[in-house]
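For reference, run12.txt (compact mmCIF, C-alpha atoms and all ligand atoms):
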# COMPACT_ATOMS: atom_id res chain seq x y z
CA MET D 1 23.07 76.66 -66.27
CA SER D 2 23.06 73.87 -63.73
CA LYS D 3 22.25 74.30 -60.08
CA LEU D 4 22.37 72.24 -56.94
CA VAL D 5 18.93 71.34 -55.60
CA ASP D 6 18.28 70.00 -52.11
CA VAL D 7 16.19 66.87 -52.65
CA ALA D 8 16.17 64.54 -49.65
CA LYS D 9 17.62 63.59 -46.31
CA VAL D 10 20.32 60.93 -46.34
CA ASP D 11 18.14 58.80 -44.06
CA ASP D 12 15.26 58.95 -46.57
CA ILE D 13 17.15 56.60 -48.89
CA PRO D 14 18.67 53.69 -46.93
CA PRO D 15 21.43 51.53 -48.46
CA GLY D 16 20.04 49.14 -51.05
CA GLU D 17 17.01 51.32 -51.74
CA ALA D 18 15.95 53.99 -54.21
CA ARG D 19 13.45 56.83 -54.27
CA ALA D 20 11.86 58.89 -57.01
CA TYR D 21 11.70 62.67 -56.94
CA GLU D 22 10.58 65.39 -59.28
CA VAL D 23 13.39 67.93 -59.43
CA GLU D 24 12.92 71.08 -61.48
CA GLY D 25 10.40 69.22 -63.64
CA GLU D 26 12.64 66.20 -64.24
CA GLN D 27 11.94 62.69 -62.92
CA VAL D 28 15.01 61.71 -60.92
CA GLY D 29 15.69 58.35 -59.31
CA ILE D 30 18.21 58.41 -56.47
CA PHE D 31 19.81 55.08 -55.57
CA ASN D 32 21.83 54.28 -52.47
CA VAL D 33 24.32 51.57 -53.36
CA ASP D 34 26.22 50.65 -50.19
CA GLY D 35 26.19 54.24 -49.00
CA GLN D 36 27.11 55.70 -52.38
CA PHE D 37 24.38 57.77 -53.99
CA HIS D 38 23.66 57.74 -57.73
CA ALA D 39 21.04 59.77 -59.56
CA ILE D 40 19.64 59.00 -62.98
CA ASN D 41 16.63 60.04 -64.97
CA ASN D 42 13.97 57.74 -63.57
CA VAL D 43 12.11 57.09 -66.81
CA CYS D 44 13.13 53.97 -68.75
CA THR D 45 13.94 54.80 -72.37
CA HIS D 46 12.09 51.72 -73.56
CA GLU D 47 8.50 52.23 -72.36
CA GLU D 48 8.87 54.69 -69.50
CA ALA D 49 8.88 52.40 -66.48
CA PRO D 50 9.86 53.99 -63.16
CA LEU D 51 13.42 52.77 -62.76
CA HIS D 52 13.63 53.29 -58.98
CA GLU D 53 11.29 50.29 -58.67
CA GLY D 54 13.85 48.05 -60.36
CA GLU D 55 16.26 45.65 -58.72
CA VAL D 56 19.80 46.90 -58.22
CA VAL D 57 22.62 44.48 -58.95
CA ASP D 58 26.13 45.83 -58.40
CA ASP D 59 26.06 49.30 -59.99
CA LYS D 60 23.18 48.56 -62.34
CA VAL D 61 19.43 48.86 -62.12
CA ILE D 62 17.23 46.35 -63.88
CA CYS D 63 14.07 47.89 -65.32
CA PRO D 64 11.03 46.47 -63.48
CA TRP D 65 8.99 46.04 -66.65
CA HIS D 66 11.16 44.35 -69.31
CA GLN D 67 14.51 43.93 -67.59
CA ALA D 68 16.68 46.36 -69.55
CA GLU D 69 19.75 47.25 -67.53
CA PHE D 70 21.17 50.71 -66.92
CA ASP D 71 24.54 51.57 -65.44
CA LEU D 72 23.88 53.82 -62.44
CA LYS D 73 27.20 55.64 -62.89
CA THR D 74 27.05 56.38 -66.60
CA GLY D 75 23.36 55.93 -67.45
CA ALA D 76 24.32 53.64 -70.32
CA ALA D 77 21.79 51.05 -71.49
CA GLU D 78 23.60 47.75 -71.10
CA CYS D 79 20.97 45.25 -72.07
CA PRO D 80 17.96 45.25 -74.45
CA PRO D 81 15.17 46.08 -74.95
CA ALA D 82 16.35 49.61 -74.09
CA VAL D 83 18.97 50.91 -76.50
CA GLU D 84 19.19 54.50 -75.37
CA GLY D 85 20.79 55.41 -72.04
CA VAL D 86 19.37 57.67 -69.37
CA LYS D 87 20.71 60.99 -68.16
CA THR D 88 22.78 60.99 -64.99
CA TYR D 89 23.00 63.72 -62.38
CA LYS D 90 25.81 64.60 -60.02
CA VAL D 91 24.91 63.93 -56.38
CA VAL D 92 26.38 65.94 -53.53
CA VAL D 93 25.92 64.87 -49.91
CA SER D 94 26.11 67.87 -47.61
CA GLY D 95 25.68 67.00 -43.95
CA ASP D 96 22.47 65.00 -43.78
CA ARG D 97 21.14 66.34 -47.09
CA VAL D 98 21.25 64.79 -50.55
CA GLN D 99 21.52 67.34 -53.33
CA VAL D 100 21.32 66.84 -57.06
CA GLU D 101 22.90 69.01 -59.71
CA ILE D 102 20.37 69.72 -62.40
S1 LIG M 201 10.06 49.85 -69.87
FE1 LIG M 201 12.07 49.45 -69.22
S2 LIG M 201 12.70 47.76 -70.43
FE2 LIG M 201 10.66 48.19 -71.09
Write out the structure in this file as structure tokens.
Amino acid sequence: MSKLVDVAKVDDIPPGEARAYEVEGEQVGIFNVDGQFHAINNVCTHEEAPLHEGEVVDDKVICPWHQAEFDLKTGAAECPPAVEGVKTYKVVVSGDRVQVEI
């Protein structure tokens, strides 16, 4: 069963930036794209790079190690060398808190 977990303050993740959190044992990257929050599993499916360190272009993150691209909304791998997508998590903003459904 999924549950909503309080993870961060809105101000912890400014627009254009991303942070990594461990939530219930899962590595979660939370990205602020122009005020819209997206959460994906933070571990690249190619060789396990931390995706929150990657550059964000539009709604995609580019893996910092070998430049695979992942859609931040769907988790889909959009460019090799990664072929498998990453899990996505629903984000809820409640007041000044960012919560992730896990
Ligand atoms: S670790 Fe991400 S593309 Fe290789």
Of the candidates D:Val23, D:Ile40, D:Val93, D:Leu51, which shows the shortest atom-to-atom distance to Lys73 in chain D, using only C-alpha atoms? D:Ile40
Answer as a ChimeraX atom specification, residues within 12 Å of (15.9, 55.2, -47.2) using all atoms listed in the file: /D:8-20,30-35,37,98
Point out the residue among D:Glu26, D:Glu101, D:Glu47, D:Glu55 with the least atom-to-atom distance to ligand LIG 201 (chain M), counting only C-alpha atoms and all ligand atoms. D:Glu47
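Every residue having at least one atom no farther than 9 Å from ligand LIG 201 (chain M) is included below, with only C-alpha atoms and all ligand atoms taken into account: Val43, Cys44, Thr45, His46, Glu47, Glu48, Ala49, Pro50, Leu51, Ile62, Cys63, Pro64, Trp65, His66, Gln67, Ala68, Glu69, Cys79, Pro80, Pro81 and Ala82 of chain D.
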Emit the selected residues as a PDB file, keeping the file's coordinate frame, including C-alpha atoms.
ATOM      1  CA  VAL D  43      12.110  57.090 -66.810  1.00  0.00           C
ATOM      2  CA  CYS D  44      13.130  53.970 -68.750  1.00  0.00           C
ATOM      3  CA  THR D  45      13.940  54.800 -72.370  1.00  0.00           C
ATOM      4  CA  HIS D  46      12.090  51.720 -73.560  1.00  0.00           C
ATOM      5  CA  GLU D  47       8.500  52.230 -72.360  1.00  0.00           C
ATOM      6  CA  GLU D  48       8.870  54.690 -69.500  1.00  0.00           C
ATOM      7  CA  ALA D  49       8.880  52.400 -66.480  1.00  0.00           C
ATOM      8  CA  PRO D  50       9.860  53.990 -63.160  1.00  0.00           C
ATOM      9  CA  LEU D  51      13.420  52.770 -62.760  1.00  0.00           C
ATOM     10  CA  ILE D  62      17.230  46.350 -63.880  1.00  0.00           C
ATOM     11  CA  CYS D  63      14.070  47.890 -65.320  1.00  0.00           C
ATOM     12  CA  PRO D  64      11.030  46.470 -63.480  1.00  0.00           C
ATOM     13  CA  TRP D  65       8.990  46.040 -66.650  1.00  0.00           C
ATOM     14  CA  HIS D  66      11.160  44.350 -69.310  1.00  0.00           C
ATOM     15  CA  GLN D  67      14.510  43.930 -67.590  1.00  0.00           C
ATOM     16  CA  ALA D  68      16.680  46.360 -69.550  1.00  0.00           C
ATOM     17  CA  GLU D  69      19.750  47.250 -67.530  1.00  0.00           C
ATOM     18  CA  CYS D  79      20.970  45.250 -72.070  1.00  0.00           C
ATOM     19  CA  PRO D  80      17.960  45.250 -74.450  1.00  0.00           C
ATOM     20  CA  PRO D  81      15.170  46.080 -74.950  1.00  0.00           C
ATOM     21  CA  ALA D  82      16.350  49.610 -74.090  1.00  0.00           C
TER      22      ALA D  82
END
Atom pair CA of Gly54 in chain D / CA of Tyr21 in chain D: separation (Å): 15.2 Å
Nearest to Glu78 in chain D, restricted to all atoms listed in the file and choosing among D:Glu53, D:Asp6, D:Asp96, D:Asp59, comes out as D:Asp59
Applying 6 Å and only C-alpha atoms, which residues near range 83-90 of chain D remain after dropping the ones on its own chain fewer than 2 positions away? List them as a PyMOL selection string. chain D and resi 39-41+75-77+100-101
Around all of range 62-66 of chain D's listed atoms, make the axis-aligned box with 4 Å on each side and tell me centre and edge lengths in Å to one decimal, as lines of an AutoDock Vina configuration file.
center_x = 13.1
center_y = 46.1
center_z = -66.4
size_x = 16.2
size_y = 11.5
size_z = 13.8
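Restricting the calculation to only C-alpha atoms, the smallest distance between Val28 in chain D and any of D:Gln99, D:Asn42, D:Ser2, D:Ser94 is found for D:Asn42.
In this model, the gap between CA of Gly25 in chain D and CA of His52 in chain D comes to 16.9 Å.
Going from CA of Leu4 in chain D over to CA of Lys60 in chain D, you cover 24.3 Å.
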